[in-house]
>>> print(open('target_5.txt').read())   # compact mmCIF, C-alpha atoms
# COMPACT_ATOMS: atom_id res chain seq x y z
CA MET A 8 -8.73 23.10 -49.15
CA GLN A 9 -11.62 22.25 -46.82
CA LYS A 10 -10.72 18.55 -46.97
CA ILE A 11 -7.10 19.34 -46.06
CA ILE A 12 -8.25 21.41 -43.10
CA SER A 13 -10.63 18.67 -41.99
CA LEU A 14 -7.88 16.05 -42.17
CA SER A 15 -5.56 18.31 -40.20
CA GLN A 16 -8.19 18.80 -37.52
CA PHE A 17 -8.80 15.04 -37.41
CA PHE A 18 -5.12 14.26 -36.85
CA LEU A 19 -4.88 16.98 -34.19
CA VAL A 20 -7.77 15.38 -32.31
CA ILE A 21 -6.10 11.96 -32.52
CA LEU A 22 -2.82 13.43 -31.27
CA PHE A 23 -4.62 15.11 -28.36
CA LEU A 24 -6.31 11.84 -27.36
CA LEU A 25 -3.01 9.98 -27.47
CA LEU A 26 -1.34 12.60 -25.29
CA ALA A 27 -4.24 12.53 -22.85
CA SER A 28 -3.99 8.75 -22.60
CA SER A 29 -0.26 9.06 -21.98
CA VAL A 30 -0.82 11.55 -19.14
CA SER A 31 -3.45 9.30 -17.54
CA LEU A 32 -1.09 6.35 -17.74
CA THR A 33 1.68 8.36 -16.08
CA GLN A 34 -0.60 9.42 -13.25
CA ALA A 35 -1.68 5.81 -12.75
CA GLN A 36 1.92 4.89 -11.93
CA ASP A 37 2.03 6.98 -8.72
CA LYS A 38 2.27 4.98 -5.52
CA ILE A 39 1.18 5.62 -1.94
CA GLU A 40 4.42 6.49 -0.16
CA GLY A 41 2.96 7.19 3.25
CA PRO A 42 4.06 7.47 5.96
CA TRP A 43 2.47 4.16 6.91
CA TYR A 44 2.49 2.27 10.21
CA TRP A 45 4.76 -0.78 9.83
CA MET A 46 5.26 -4.11 11.58
CA ILE A 47 7.38 -7.07 10.48
CA VAL A 48 7.23 -10.68 11.66
CA GLU A 49 9.69 -13.48 10.98
CA THR A 50 8.12 -16.45 9.17
CA ALA A 51 11.18 -18.72 8.89
CA LYS A 52 9.61 -21.65 10.74
CA LYS A 53 7.15 -22.04 7.85
CA GLY A 54 9.27 -20.57 5.05
CA GLY A 55 8.37 -17.40 3.19
CA GLY A 56 6.62 -15.90 0.19
CA ALA A 57 3.67 -17.79 -1.29
CA ALA A 58 3.80 -20.55 1.34
CA VAL A 59 2.99 -18.18 4.23
CA THR A 60 0.80 -15.54 2.55
CA ASN A 61 -2.42 -16.87 4.07
CA ASP A 62 -1.08 -17.35 7.61
CA ASP A 63 -2.07 -14.78 10.25
CA TRP A 64 1.29 -13.48 11.47
CA ILE A 65 -0.27 -10.72 13.58
CA LYS A 66 -2.06 -13.42 15.55
CA GLU A 67 1.23 -15.30 15.83
CA VAL A 68 3.35 -12.35 17.02
CA THR A 69 0.73 -11.12 19.54
CA GLY A 70 0.01 -14.56 20.98
CA GLY A 71 -3.59 -14.35 19.79
CA LYS A 72 -4.33 -10.96 21.35
CA LEU A 73 -4.82 -9.43 17.89
CA THR A 74 -5.58 -10.75 14.42
CA GLU A 75 -5.09 -9.46 10.90
CA LYS A 76 -8.81 -8.78 10.66
CA THR A 77 -8.80 -6.72 13.87
CA VAL A 78 -5.99 -4.45 12.68
CA ALA A 79 -7.28 -4.26 9.10
CA LYS A 80 -10.67 -3.08 10.29
CA GLY A 81 -9.73 -0.49 12.90
CA GLY A 82 -6.19 0.52 11.98
CA ILE A 83 -3.45 1.23 14.49
CA THR A 84 -5.43 2.17 17.59
CA LYS A 85 -4.29 2.62 21.18
CA GLN A 86 -5.33 -0.98 21.79
CA VAL A 87 -3.06 -2.22 19.00
CA LEU A 88 -0.14 -0.09 20.19
CA SER A 89 -0.57 -1.33 23.77
CA VAL A 90 -0.11 -5.00 22.84
CA LYS A 91 3.39 -6.34 23.41
CA ASN A 92 4.70 -8.40 20.51
CA LYS A 93 6.74 -11.56 20.95
CA ASN A 94 9.49 -10.15 18.72
CA LYS A 95 9.64 -6.99 20.88
CA LEU A 96 9.11 -4.79 17.81
CA LYS A 97 6.64 -1.90 17.82
CA TRP A 98 4.41 -0.47 15.11
CA THR A 99 6.62 2.18 13.53
CA LYS A 100 5.89 5.12 11.20
CA GLY A 101 7.79 5.21 7.93
CA LYS A 102 7.61 6.02 4.24
CA ILE A 103 8.35 3.71 1.36
CA ALA A 104 10.07 4.63 -1.91
CA PRO A 105 7.82 4.54 -5.01
CA ALA A 106 10.44 2.58 -6.98
CA GLY A 107 13.01 -0.16 -6.49
CA GLY A 108 12.91 -3.92 -6.15
CA ASN A 109 13.88 -3.87 -2.46
CA ASN A 110 11.96 -0.85 -1.14
CA VAL A 111 10.36 -2.69 1.81
CA ASN A 112 13.72 -3.94 3.03
CA ASP A 113 15.15 -0.43 2.62
CA ALA A 114 12.25 1.09 4.59
CA VAL A 115 12.59 -1.52 7.34
CA LEU A 116 16.29 -0.70 7.75
CA LYS A 117 15.59 3.05 7.92
CA MET A 118 12.97 2.44 10.62
CA LYS A 119 15.46 0.21 12.47
CA LEU A 120 13.03 -2.70 12.54
CA GLY A 121 15.64 -5.04 11.10
CA VAL A 122 19.27 -5.36 9.99
CA GLY A 123 20.75 -6.46 6.67
CA ASP A 124 19.10 -8.49 3.92
CA LEU A 125 15.96 -9.92 5.49
CA ASN A 126 14.57 -13.21 4.14
CA ASN A 127 11.52 -15.19 5.31
CA TRP A 128 9.76 -12.22 6.86
CA CYS A 129 6.29 -10.70 6.57
CA SER A 130 5.54 -6.96 6.52
CA TYR A 131 2.30 -5.21 7.42
CA ALA A 132 1.72 -1.61 6.34
CA VAL A 133 -1.38 0.31 7.49
CA ILE A 134 -2.62 3.75 6.42
CA ASN A 135 -5.85 5.78 6.58
CA CYS A 136 -7.33 6.89 3.24
CA VAL A 137 -9.71 9.84 3.50
CA SER A 138 -12.29 10.38 0.77
CA LYS A 139 -14.68 13.32 0.35
CA THR A 140 -17.21 11.05 -1.33
CA ALA A 141 -18.39 7.45 -1.26
CA LYS A 142 -17.81 5.42 -4.40
CA LYS A 143 -17.95 1.71 -5.22
CA GLY A 144 -15.66 -0.21 -7.54
CA VAL A 145 -12.73 2.21 -7.50
CA ALA A 146 -9.75 0.89 -9.47
CA ALA A 147 -6.60 0.09 -7.50
CA ARG A 148 -3.26 -1.49 -8.34
CA ALA A 149 -0.49 -3.26 -6.48
CA GLY A 150 2.81 -5.05 -6.94
CA SER A 151 4.86 -7.16 -4.55
CA ASP A 152 7.93 -9.29 -3.94
CA ASP A 153 6.80 -11.88 -2.90
CA GLY A 154 3.29 -12.82 -1.65
CA LEU A 155 0.58 -10.16 -1.32
CA LYS A 156 -2.65 -9.70 0.63
CA ILE A 157 -4.66 -6.47 0.90
CA TRP A 158 -7.53 -5.41 3.14
CA PHE A 159 -9.74 -2.33 2.78
CA ASN A 160 -11.93 -1.37 5.75
CA GLY A 161 -11.41 -4.84 7.18
CA LYS A 162 -12.45 -6.62 3.99
CA GLU A 163 -9.97 -8.78 2.12
CA VAL A 164 -9.93 -7.26 -1.37
CA HIS A 165 -6.93 -8.91 -3.02
CA VAL A 166 -4.71 -11.96 -2.51
CA ASN A 167 -1.82 -13.24 -4.60
CA ALA A 168 0.15 -16.03 -2.93
CA VAL A 169 3.13 -15.97 -5.25
CA ASP A 170 6.93 -15.99 -5.34
CA ARG A 171 8.03 -13.21 -7.69
CA GLY A 172 10.10 -10.08 -8.09
CA ALA A 173 8.53 -6.63 -8.44
CA GLY A 174 9.57 -3.10 -9.35
CA ASP A 175 6.15 -1.71 -10.18
CA PHE A 176 2.42 -2.43 -10.26
CA GLN A 177 1.44 -5.96 -11.31
CA ASP A 178 -2.08 -6.68 -10.03
CA ASN A 179 -5.46 -4.96 -10.43
CA PHE A 180 -8.33 -4.92 -7.93
CA ASP A 181 -11.22 -2.71 -6.79
CA VAL A 182 -12.13 -1.02 -3.50
CA ASP A 183 -15.35 0.52 -2.20
CA LEU A 184 -14.65 3.96 -0.75
CA LYS A 185 -16.66 5.28 2.17
CA LYS A 186 -17.01 9.00 2.71
CA GLY A 187 -14.42 9.89 5.32
CA ASN A 188 -11.93 7.38 6.73
CA ASN A 189 -10.95 4.13 5.01
CA VAL A 190 -8.36 1.78 6.51
CA LEU A 191 -5.93 0.18 4.04
CA MET A 192 -3.66 -2.66 5.18
CA VAL A 193 -1.09 -4.34 2.92
CA LYS A 194 0.79 -7.53 3.74
CA VAL A 195 3.86 -8.70 1.82
CA THR A 196 5.52 -12.05 2.55
CA GLU A 197 9.19 -12.15 1.64
CA LYS A 198 10.99 -15.38 0.75
CA GLY A 199 14.42 -14.39 -0.56
CA GLY A 200 16.16 -11.73 -2.61
CA GLY A 201 14.22 -8.48 -3.03
CA TRP A 202 11.34 -7.37 -0.80
CA SER A 203 9.05 -4.78 -2.35
CA MET A 204 5.56 -3.25 -2.22
CA PHE A 205 3.64 -0.88 -4.49
CA VAL A 206 0.04 0.25 -3.96
CA GLY A 207 -2.14 2.94 -5.54
CA ILE A 208 -5.83 3.89 -5.60
CA ASP A 209 -7.33 5.81 -8.51
CA ALA A 210 -9.15 8.49 -6.51
CA LYS A 211 -8.60 11.93 -5.01
CA LEU A 212 -7.65 10.90 -1.50
CA THR A 213 -5.85 12.31 1.52
CA TYR A 214 -3.63 9.93 3.46
CA ASN A 215 -2.88 10.14 7.18
CA LEU A 216 -2.36 8.09 10.33
CA LYS A 217 -5.51 9.21 12.16
CA PHE A 218 -7.07 6.05 13.54
CA ALA A 219 -9.64 5.84 16.33
CA GLY A 220 -8.05 6.64 19.69
CA LEU A 221 -4.91 8.26 18.26
CA ALA A 222 -3.89 11.91 18.22
CA VAL A 223 -4.33 13.86 14.98
CA GLU A 224 -1.51 13.43 12.44
CA ALA A 225 -0.64 15.88 9.68
CA GLU A 226 -2.05 14.82 6.32
CA SER A 227 -0.32 14.07 3.02
CA LYS A 228 -2.31 15.31 0.05
CA LEU A 229 -2.53 14.18 -3.53
CA ALA A 230 -2.15 16.90 -6.15
CA THR A 231 -3.99 14.79 -8.74
CA SER A 232 -6.05 11.61 -8.76
CA TRP A 233 -2.81 9.69 -8.35
CA GLY A 234 -0.75 12.76 -7.45
CA SER A 235 2.59 12.83 -5.74
CA ILE A 236 2.41 12.81 -1.95
CA LYS A 237 3.92 15.84 -0.24
CA ASN A 238 6.42 15.58 2.56
CA GLN A 239 4.68 15.34 5.89
CA ASN A 240 5.58 17.40 8.93
CA ARG A 241 5.43 15.23 11.99
>>> encode(input="target_5.txt", output="structure tokens")
Amino acid sequence: MQKIISLSQFFLVILFLLLASSVSLTQAQDKIEGPWYWMIVETAKKGGGAAVTNDDWIKEVTGGKLTEKTVAKGGITKQVLSVKNKNKLKWTKGKIAPAGGNNVNDAVLKMKLGVGDLNNWCSYAVINCVSKTAKKGVAARAGSDDGLKIWFNGKEVHVNAVDRGAGDFQDNFDVDLKKGNNVLMVKVTEKGGGWSMFVGIDAKLTYNLKFAGLAVEAESKLATSWGSIKNQNR
């Protein structure tokens, strides 16, 4: 009888561990929806996707007044907003759907930054990640259609110059969180077909658009480590 009870307890423990792993995996699929600050730049003269992932399109569209590194380090400040872009587009606030193989294109249309099916374009999305503690080597994930480059606090933390489709996370990388504000910038270079972006950080963070020199924005909070982001009142 004791052996039967012991075996039952053993299998219950195994079942519990499997369920716990399943829950953790589900949480790890949550994406940062935003709102983010967005800018798009046409890349047609050089193509799209992998071929243009490492070109500085912020420098191109601002005539050299700004660079990717400048924006990635400080976020969307008054200085950034004051610069007139060659394409006459402005940094615009918008959310992105956590699923779908064309969620960047869909977001761009909702923000009225473009019309129709956009090919050979580059998107930049910037958001502030607020952490209560500092921690190094925090796991993060991303997916993209097509090319992908990510900065965290001005440091390039992930690059994948590739032509691919995406409907979920594909790549793994790490970030070093500072206590307080952390600027995250994600670049996706679109070649043709779908245009998508997925990013998540495995930490209890608050996301907002409070960058130096800007008025306070309402915050979106995570209910869990990768929790769902609440609707933001703006």
>>> residues_around(input="target_5.txt", residues="A:Lys93", least_positions_apart="3", cutoff="10 Å", atoms="only C-alpha atoms", output="list in words")
Val48, Glu67, Val68, Thr69, Gly70, Val90 and Leu96 of chain A
>>> residues_around(input="target_5.txt", residues="A:Ala58", least_positions_apart="6", cutoff="9 Å", atoms="all atoms listed in the file", output="list in words")
Gly154, Ala168, Val169, Asp170, Thr196 and Lys198 of chain A
>>> closest_atom_pairs(input="target_5.txt", of="stretch 151-218 of chain A", to="stretch 125-138 of chain A", cutoff="6 Å", atoms="all atoms listed in the file", output="tab-separated table")
residue	atom	partner	partner_atom	distance
A:Lys186	CA	A:Ser138	CA	5.3
A:Gly187	CA	A:Ser138	CA	5.0
A:Asn188	CA	A:Val137	CA	4.6
A:Asn189	CA	A:Cys136	CA	4.9
A:Val190	CA	A:Asn135	CA	4.7
A:Leu191	CA	A:Ile134	CA	5.4
A:Met192	CA	A:Val133	CA	4.4
A:Val193	CA	A:Ala132	CA	5.2
A:Lys194	CA	A:Tyr131	CA	4.6
A:Val195	CA	A:Ser130	CA	5.3
A:Thr196	CA	A:Cys129	CA	4.3
A:Glu197	CA	A:Trp128	CA	5.3
A:Lys198	CA	A:Asn127	CA	4.6
A:Gly199	CA	A:Asn126	CA	4.8
A:Leu212	CA	A:Ser138	CA	5.2
A:Thr213	CA	A:Val137	CA	5.0
A:Tyr214	CA	A:Cys136	CA	4.8
A:Asn215	CA	A:Asn135	CA	5.3
A:Leu216	CA	A:Asn135	CA	5.6
>>> residues_around(input="target_5.txt", residues="A:Lys76", least_positions_apart="5", cutoff="10 Å", atoms="all atoms listed in the file", output="PDB file with C-alpha atoms, in the frame of the given file")
ATOM      1  CA  ASP A  63      -2.070 -14.780  10.250  1.00  0.00           C
ATOM      2  CA  ILE A  65      -0.270 -10.720  13.580  1.00  0.00           C
ATOM      3  CA  LYS A  66      -2.060 -13.420  15.550  1.00  0.00           C
ATOM      4  CA  GLY A  81      -9.730  -0.490  12.900  1.00  0.00           C
ATOM      5  CA  GLY A  82      -6.190   0.520  11.980  1.00  0.00           C
ATOM      6  CA  TRP A 158      -7.530  -5.410   3.140  1.00  0.00           C
ATOM      7  CA  ASN A 160     -11.930  -1.370   5.750  1.00  0.00           C
ATOM      8  CA  GLY A 161     -11.410  -4.840   7.180  1.00  0.00           C
ATOM      9  CA  LYS A 162     -12.450  -6.620   3.990  1.00  0.00           C
ATOM     10  CA  GLU A 163      -9.970  -8.780   2.120  1.00  0.00           C
ATOM     11  CA  MET A 192      -3.660  -2.660   5.180  1.00  0.00           C
TER      12      MET A 192
END
>>> atom_distance(input="target_5.txt", atom1="atom CA of A:Ala51", atom2="atom CA of A:Lys91")
20.6 Å
>>> residues_around(input="target_5.txt", residues="A:Arg148", least_positions_apart="3", cutoff="9 Å", atoms="only C-alpha atoms", output="ChimeraX atom specification")
/A:35-36,38,176-181,205-209
>>> atom_distance(input="target_5.txt", atom1="atom CA of A:Arg171", atom2="atom CA of A:Gly123")
20.3 Å
>>> closest_residue(input="target_5.txt", among="A:Ala141, A:Leu120, A:Lys85, A:Glu75", to="A:Thr60", atoms="all atoms listed in the file")
A:Glu75
>>> closest_residue(input="target_5.txt", among="A:Ala210, A:Ile157, A:Met46, A:Val111", to="A:Leu88", atoms="all atoms listed in the file")
A:Met46
>>> closest_residue(input="target_5.txt", among="A:Ala173, A:Leu155, A:Ile39, A:Val166", to="A:Ile103", atoms="only C-alpha atoms")
A:Ile39
>>> atom_distance(input="target_5.txt", atom1="atom CA of A:Thr74", atom2="atom CA of A:Gly150")
23.6 Å
>>> residues_near_point(input="target_5.txt", point="(10.4, -6.6, 0.3)", cutoff="6 Å", atoms="only C-alpha atoms", output="PyMOL selection string")
chain A and resi 109+111-112+152+197+201-203
